[in-house]
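Asker: What follows is the file coords17.cif, containing mmCIF, C-alpha atoms:
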data_work
#
loop_
_atom_site.label_atom_id
_atom_site.label_comp_id
_atom_site.auth_asym_id
_atom_site.auth_seq_id
_atom_site.Cartn_x
_atom_site.Cartn_y
_atom_site.Cartn_z
CA LYS T 6 135.91 106.71 -57.14
CA ASN T 7 134.43 103.32 -58.00
CA GLN T 8 136.79 101.28 -60.11
CA VAL T 9 133.86 99.93 -62.12
CA GLU T 10 131.51 102.67 -63.26
CA GLN T 11 128.18 101.96 -64.90
CA SER T 12 125.91 104.29 -66.81
CA PRO T 13 123.21 105.27 -66.89
CA GLN T 14 122.20 104.71 -63.29
CA SER T 15 118.64 104.07 -64.41
CA LEU T 16 116.77 103.86 -67.69
CA ILE T 17 113.16 103.63 -68.81
CA ILE T 18 112.34 102.38 -72.30
CA LEU T 19 109.27 101.24 -74.20
CA GLU T 20 108.74 97.57 -74.89
CA GLY T 21 110.24 96.58 -78.23
CA LYS T 22 112.92 99.26 -78.18
CA ASN T 23 116.66 98.63 -78.00
CA CYS T 24 119.00 99.97 -75.34
CA THR T 25 122.68 99.97 -74.47
CA LEU T 26 124.20 99.93 -71.01
CA GLN T 27 127.77 101.04 -70.39
CA CYS T 28 130.52 99.84 -68.09
CA ASN T 29 133.92 101.53 -67.71
CA TYR T 30 136.58 100.05 -65.49
CA THR T 31 140.01 101.00 -64.21
CA VAL T 32 140.96 97.85 -62.30
CA SER T 33 143.93 95.76 -63.44
CA PRO T 34 145.33 93.26 -64.26
CA PHE T 35 142.17 92.39 -66.15
CA SER T 36 141.06 88.77 -66.27
CA ASN T 37 137.45 88.88 -67.41
CA LEU T 38 134.28 90.96 -67.34
CA ARG T 39 130.88 89.53 -66.64
CA TRP T 40 127.39 90.98 -66.90
CA TYR T 41 124.78 89.87 -64.38
CA LYS T 42 121.03 90.41 -64.45
CA GLN T 43 119.30 90.89 -61.12
CA ASP T 44 115.52 90.68 -60.99
CA THR T 45 113.76 92.42 -58.11
CA GLY T 46 113.94 90.30 -54.98
CA ARG T 47 116.31 87.79 -56.53
CA GLY T 48 120.05 87.20 -56.66
CA PRO T 49 122.13 88.18 -59.69
CA VAL T 50 122.34 85.70 -62.55
CA SER T 51 125.19 85.63 -65.05
CA LEU T 52 124.33 86.70 -68.61
CA THR T 53 127.69 86.59 -70.32
CA ILE T 54 131.43 86.67 -69.73
CA MET T 55 134.05 88.49 -71.78
CA THR T 56 137.74 87.62 -71.67
CA PHE T 57 140.59 89.79 -72.89
CA SER T 58 140.59 88.41 -76.43
CA GLU T 59 136.84 88.64 -77.00
CA ASN T 60 135.21 91.68 -78.56
CA THR T 61 131.61 90.57 -78.86
CA LYS T 62 129.47 87.86 -77.35
CA SER T 63 125.75 87.26 -77.68
CA ASN T 64 123.24 85.50 -75.50
CA GLY T 65 119.87 85.65 -77.22
CA ARG T 66 118.75 89.28 -77.32
CA TYR T 67 121.71 90.33 -75.19
CA THR T 68 124.99 91.30 -76.87
CA ALA T 69 128.03 92.29 -74.85
CA THR T 70 131.05 94.08 -76.26
CA LEU T 71 134.48 94.66 -74.79
CA ASP T 72 137.23 97.10 -75.70
CA ALA T 73 140.16 96.13 -73.52
CA ASP T 74 142.24 99.05 -74.77
CA THR T 75 139.79 101.70 -73.60
CA LYS T 76 138.55 99.50 -70.72
CA GLN T 77 134.95 99.78 -71.76
CA SER T 78 132.16 97.28 -72.10
CA SER T 79 128.58 97.60 -73.23
CA LEU T 80 125.50 95.44 -72.97
CA HIS T 81 123.02 95.87 -75.80
CA ILE T 82 119.47 94.61 -75.41
CA THR T 83 117.50 94.14 -78.62
CA ALA T 84 113.71 94.25 -78.88
CA SER T 85 113.24 94.72 -75.16
CA GLN T 86 110.56 92.82 -73.26
CA LEU T 87 108.85 93.54 -69.98
CA SER T 88 110.84 90.69 -68.45
CA ASP T 89 114.06 92.60 -69.16
CA SER T 90 113.14 94.98 -66.34
CA ALA T 91 115.91 94.40 -63.83
CA SER T 92 119.23 95.71 -62.61
CA TYR T 93 122.26 94.90 -64.75
CA ILE T 94 125.56 94.63 -62.94
CA CYS T 95 129.01 94.72 -64.51
CA VAL T 96 131.68 92.73 -62.66
CA VAL T 97 135.38 92.83 -63.48
CA THR T 98 137.74 90.09 -62.31
CA ILE T 99 141.40 90.78 -61.77
CA ASN T 100 143.91 88.01 -61.34
CA THR T 101 146.96 88.77 -59.25
CA GLY T 102 148.45 85.35 -59.80
CA THR T 103 147.75 84.17 -56.29
CA ALA T 104 144.09 85.10 -56.12
CA SER T 105 141.19 86.45 -58.13
CA LYS T 106 139.26 89.49 -57.01
CA LEU T 107 135.88 90.67 -58.26
CA THR T 108 134.98 94.35 -58.44
CA PHE T 109 131.29 95.13 -58.87
CA GLY T 110 129.66 98.11 -60.49
CA THR T 111 126.62 99.57 -58.74
CA GLY T 112 124.39 98.56 -61.63
CA THR T 113 121.96 100.08 -64.10
CA ARG T 114 118.30 99.78 -63.23
CA LEU T 115 116.28 99.17 -66.41
CA GLN T 116 112.52 99.50 -66.58
CA VAL T 117 110.68 98.37 -69.71
CA THR T 118 107.17 99.76 -70.01
CA LEU T 119 104.19 99.32 -72.32
CA ASP I 104 119.61 71.44 -58.60
CA ALA I 105 117.86 73.74 -56.11
CA GLY I 106 120.56 76.36 -56.35
CA VAL I 107 121.95 78.31 -53.42
CA ILE I 108 119.42 78.38 -50.60
CA GLN I 109 119.29 81.19 -48.07
CA SER I 110 117.12 81.62 -45.01
CA PRO I 111 115.29 83.53 -43.82
CA ARG I 112 114.13 85.59 -46.81
CA HIS I 113 113.26 88.51 -44.57
CA GLU I 114 114.39 89.39 -41.08
CA VAL I 115 113.18 92.31 -39.01
CA THR I 116 114.83 92.82 -35.66
CA GLU I 117 115.44 95.47 -33.08
CA MET I 118 118.74 97.18 -32.55
CA GLY I 119 120.97 95.20 -30.23
CA GLN I 120 119.54 91.81 -31.09
CA GLU I 121 121.54 88.94 -32.57
CA VAL I 122 120.84 88.00 -36.17
CA THR I 123 121.85 84.76 -37.88
CA LEU I 124 121.64 84.32 -41.63
CA ARG I 125 121.96 80.88 -43.18
CA CYS I 126 123.18 79.53 -46.48
CA LYS I 127 123.30 76.17 -48.22
CA PRO I 128 125.61 76.29 -51.26
CA ILE I 129 125.25 74.21 -54.40
CA SER I 130 126.51 70.69 -53.82
CA GLY I 131 130.05 70.26 -55.09
CA HIS I 132 130.90 73.95 -55.01
CA ASP I 133 134.04 74.55 -53.01
CA TYR I 134 133.86 78.34 -52.77
CA LEU I 135 131.27 80.18 -50.71
CA PHE I 136 130.89 83.94 -50.58
CA TRP I 137 128.88 86.32 -48.40
CA TYR I 138 127.94 89.69 -49.92
CA ARG I 139 126.00 92.68 -48.68
CA GLN I 140 124.00 94.84 -51.09
CA THR I 141 122.79 98.39 -50.52
CA MET I 142 121.49 101.01 -52.93
CA MET I 143 124.41 103.31 -52.22
CA ARG I 144 127.29 100.85 -52.35
CA GLY I 145 126.01 97.97 -54.47
CA LEU I 146 127.39 94.50 -53.77
CA GLU I 147 130.25 94.30 -51.29
CA LEU I 148 132.19 91.16 -50.44
CA LEU I 149 132.18 90.41 -46.74
CA ILE I 150 134.02 87.09 -46.58
CA TYR I 151 134.67 83.99 -48.61
CA PHE I 152 135.51 80.39 -47.85
CA ASN I 153 137.36 77.73 -49.81
CA ASN I 154 136.78 74.15 -48.72
CA ASN I 155 135.14 75.44 -45.53
CA VAL I 156 138.18 77.54 -44.59
CA PRO I 157 137.84 81.36 -44.41
CA ILE I 158 140.24 82.84 -46.93
CA ASP I 159 139.53 86.56 -46.92
CA ASP I 160 137.44 88.30 -44.28
CA SER I 161 138.79 91.79 -44.92
CA GLY I 162 135.33 92.94 -45.99
CA MET I 163 133.71 92.14 -42.66
CA PRO I 164 132.73 95.57 -41.31
CA GLU I 165 133.69 95.06 -37.70
CA ASP I 166 133.81 92.57 -34.87
CA ARG I 167 130.05 92.49 -34.65
CA PHE I 168 130.08 90.35 -37.80
CA SER I 169 131.21 86.73 -37.83
CA ALA I 170 130.84 83.87 -40.30
CA LYS I 171 131.29 80.15 -40.04
CA MET I 172 131.25 77.20 -42.38
CA PRO I 173 131.15 74.05 -40.24
CA ASN I 174 130.76 71.77 -43.27
CA ALA I 175 130.58 71.86 -47.05
CA SER I 176 126.81 72.28 -47.12
CA PHE I 177 126.17 75.01 -44.57
CA SER I 178 127.35 78.47 -43.63
CA THR I 179 126.13 81.17 -41.26
CA LEU I 180 126.65 84.91 -41.03
CA LYS I 181 126.01 86.32 -37.58
CA ILE I 182 125.61 89.92 -36.49
CA GLN I 183 125.76 90.60 -32.76
CA PRO I 184 124.67 93.15 -31.72
CA SER I 185 122.79 94.39 -34.78
CA GLU I 186 122.56 98.10 -35.62
CA PRO I 187 120.23 100.03 -37.98
CA ARG I 188 123.12 100.63 -40.41
CA ASP I 189 123.32 96.86 -40.92
CA SER I 190 120.02 97.00 -42.79
CA ALA I 191 120.69 95.62 -46.28
CA VAL I 192 120.21 92.54 -48.43
CA TYR I 193 122.72 89.83 -47.67
CA PHE I 194 123.58 87.37 -50.43
CA CYS I 195 125.34 84.06 -50.32
CA ALA I 196 126.98 82.76 -53.49
CA SER I 197 128.97 79.69 -54.45
CA ARG I 198 131.09 78.42 -57.32
CA PRO I 199 133.14 75.34 -58.07
CA GLN I 200 136.85 74.94 -57.49
CA GLY I 201 139.30 75.29 -60.35
CA PHE I 202 137.05 77.20 -62.72
CA ASN I 203 138.19 80.79 -62.47
CA ASN I 204 135.87 81.84 -65.27
CA SER I 205 132.83 80.15 -63.81
CA PRO I 206 130.09 82.48 -62.60
CA LEU I 207 128.98 82.98 -59.06
CA HIS I 208 125.67 81.34 -58.27
CA PHE I 209 123.73 83.59 -55.93
CA GLY I 210 120.94 82.77 -53.55
CA ASN I 211 117.89 85.03 -53.43
CA GLY I 212 119.19 86.89 -50.42
CA THR I 213 118.03 87.78 -46.93
CA ARG I 214 116.56 91.24 -46.53
CA LEU I 215 117.56 92.47 -43.08
CA THR I 216 115.86 95.40 -41.42
CA VAL I 217 117.17 96.59 -38.06
CA THR I 218 114.93 99.09 -36.30
#
Kindly present the structure from the file in structure tokens form.
Answerer:
Amino acid sequence: KNQVEQSPQSLIILEGKNCTLQCNYTVSPFSNLRWYKQDTGRGPVSLTIMTFSENTKSNGRYTATLDADTKQSSLHITASQLSDSASYICVVTINTGTASKLTFGTGTRLQVTL
Amino acid sequence: DAGVIQSPRHEVTEMGQEVTLRCKPISGHDYLFWYRQTMMRGLELLIYFNNNVPIDDSGMPEDRFSAKMPNASFSTLKIQPSEPRDSAVYFCASRPQGFNNSPLHFGNGTRLTVT
């Protein structure tokens, strides 16, 4: 079982609509959680980072939430645009004291259509 | 800043051939990572370097894979001999030292197809 689970696996929405992507994790000890956006044929690019004490963080039309108690995060996209079509990857960092380790989700593939 | 630069962008080779992937990290970044991405497994860490020294290569699938970082501005990932199951997109990423919350900066990847 993947220690970082994302849902849905894929999603199709109409331009202008909102959507929410989910990320549940079981890895510990938690250090931070980051959302990446990966356009087709490109490498992932960081959208936002959430640390243990943060509940909500926004980056333009993207808003990430974190519930460290339930080990859940969401990425909400407002007023979607065609350029939002991409894969969104949730990455959890654990810190063992001597090293940091990143655990990647397998991503949600979002398609925004006219 | 040109970002992380990988070459080639695409590589098609026959089973048994040697493949070399190349990466130039962002100047000043002390960490360099090699990842492999497939539809089934997502992004998997193969190996990472700190100040040109390999720190963790536990993700390297088998002895057919090797990676080097001869200097701070260049790294290679070599597969010899290549097999069809090695077909994937290989990403190089870098980040600076001492910033544990800093993001990874990824290149645009090399799409490898082994026939």
Asker: For chain T, report every residue with an atom at most 9 Å from chain I (counting all atoms listed in the file), formatted as a short mmCIF file (atom, residue, chain, number, x, y, z; two decimals) with C-alpha atoms, keeping the file's coordinate frame.
Answerer:
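Everything below was put into selection.cif:
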data_model
loop_
_atom_site.label_atom_id
_atom_site.label_comp_id
_atom_site.auth_asym_id
_atom_site.auth_seq_id
_atom_site.Cartn_x
_atom_site.Cartn_y
_atom_site.Cartn_z
CA SER T 36 141.06 88.77 -66.27
CA ASN T 37 137.45 88.88 -67.41
CA ARG T 39 130.88 89.53 -66.64
CA GLY T 46 113.94 90.30 -54.98
CA ARG T 47 116.31 87.79 -56.53
CA GLY T 48 120.05 87.20 -56.66
CA PRO T 49 122.13 88.18 -59.69
CA VAL T 50 122.34 85.70 -62.55
CA SER T 51 125.19 85.63 -65.05
CA ILE T 54 131.43 86.67 -69.73
CA THR T 56 137.74 87.62 -71.67
CA THR T 98 137.74 90.09 -62.31
CA SER T 105 141.19 86.45 -58.13
CA LEU T 107 135.88 90.67 -58.26
CA THR T 108 134.98 94.35 -58.44
CA PHE T 109 131.29 95.13 -58.87
CA GLY T 110 129.66 98.11 -60.49
CA THR T 111 126.62 99.57 -58.74
CA GLY T 112 124.39 98.56 -61.63
#
Asker: Go through T:Gln86, T:Ile18, T:Gln27, T:Ile94 and flag the residue nearest Trp40 in chain T, using only C-alpha atoms for the distances.
Answerer: T:Ile94
Asker: Have a look at CA of Ser90 in chain T and CA of Lys42 in chain T and let me know their distance in Å, one decimal.
Answerer: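 Separation between CA of Ser90 in chain T and CA of Lys42 in chain T: 9.3 Å.
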Asker: Provide the CA of Leu52 in chain T to CA of Cys28 in chain T distance in Å, to one decimal place.
Answerer: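 CA of Cys28 in chain T lies at a distance of 14.5 Å from CA of Leu52 in chain T.
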Asker: Here's a test: counting only C-alpha atoms, identify every protein, DNA and RNA residue with an atom at most 9 Å from (128.6, 94.7, -70.6) in the file's coordinate frame, and state them as JSON, numbers by chain.
Answerer: {"T": [25, 26, 27, 28, 38, 39, 40, 41, 53, 54, 55, 68, 69, 70, 71, 77, 78, 79, 80, 81, 93, 94, 95, 96]}
Asker: Carefully work through the PyMOL selection byres ((chain T and resi 119) around 12) for this structure and note down the residues it includes, as an NGL selection string.
Answerer: :T and (17-22 or 85-88 or 90 or 116-118)
Asker: If I take CA of Arg198 in chain I and CA of Asp133 in chain I, how far is one from the other in Å, to one decimal?
Answerer: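 Distance between the two atoms: 6.5 Å.
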Asker: List the neighbours of Val32 in chain T out to 9 Å using only C-alpha atoms; skip same-chain residues closer than 4 positions along the sequence, and give me the result as a list in words.
Answerer: Gln8, Val9, Lys76, Val97, Thr98, Ile99 and Thr108 of chain T
Asker: Taking (125.1, 81.8, -41.6) as a centre in this file's frame and 10 Å as the limit, can you find every polymer residue with an atom that close, using all atoms listed in the file, and give them as a ChimeraX atom specification?
Answerer: /I:109-110,122-127,137,169-173,177-182,195
Asker: So for range 77-89 of chain T, what box centre and size do we get, axis-aligned, 3 Å extra on each of the six sides, every listed atom, Å to one decimal, as AutoDock Vina command-line options?
Answerer:
--center_x 121.9 --center_y 95.2 --center_z -73.7 --size_x 32.1 --size_y 15.1 --size_z 16.4
Asker: Between T:Thr101, T:Asn60, T:Thr83, T:Ser15, which has the minimum distance to Ser33 in chain T (counting all atoms listed in the file)?
Answerer: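 Among the listed residues, the smallest separation from Ser33 in chain T belongs to T:Thr101.
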Asker: For His132 in chain I, which of I:Asn154, I:Thr216, I:Ser185, I:Ser161 is the closest residue, counting only C-alpha atoms?
Answerer: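 Nearest candidate to His132 in chain I out of I:Asn154, I:Thr216, I:Ser185, I:Ser161: I:Asn154.
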Asker: Rank nothing, just name the residue among T:Ile82, T:Ala104, T:Leu115, T:Ala73 nearest to Ser58 in chain T, using all atoms listed in the file.
Answerer: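 Checking each of T:Ile82, T:Ala104, T:Leu115, T:Ala73 against Ser58 in chain T, counting all atoms listed in the file, the winner is T:Ala73.
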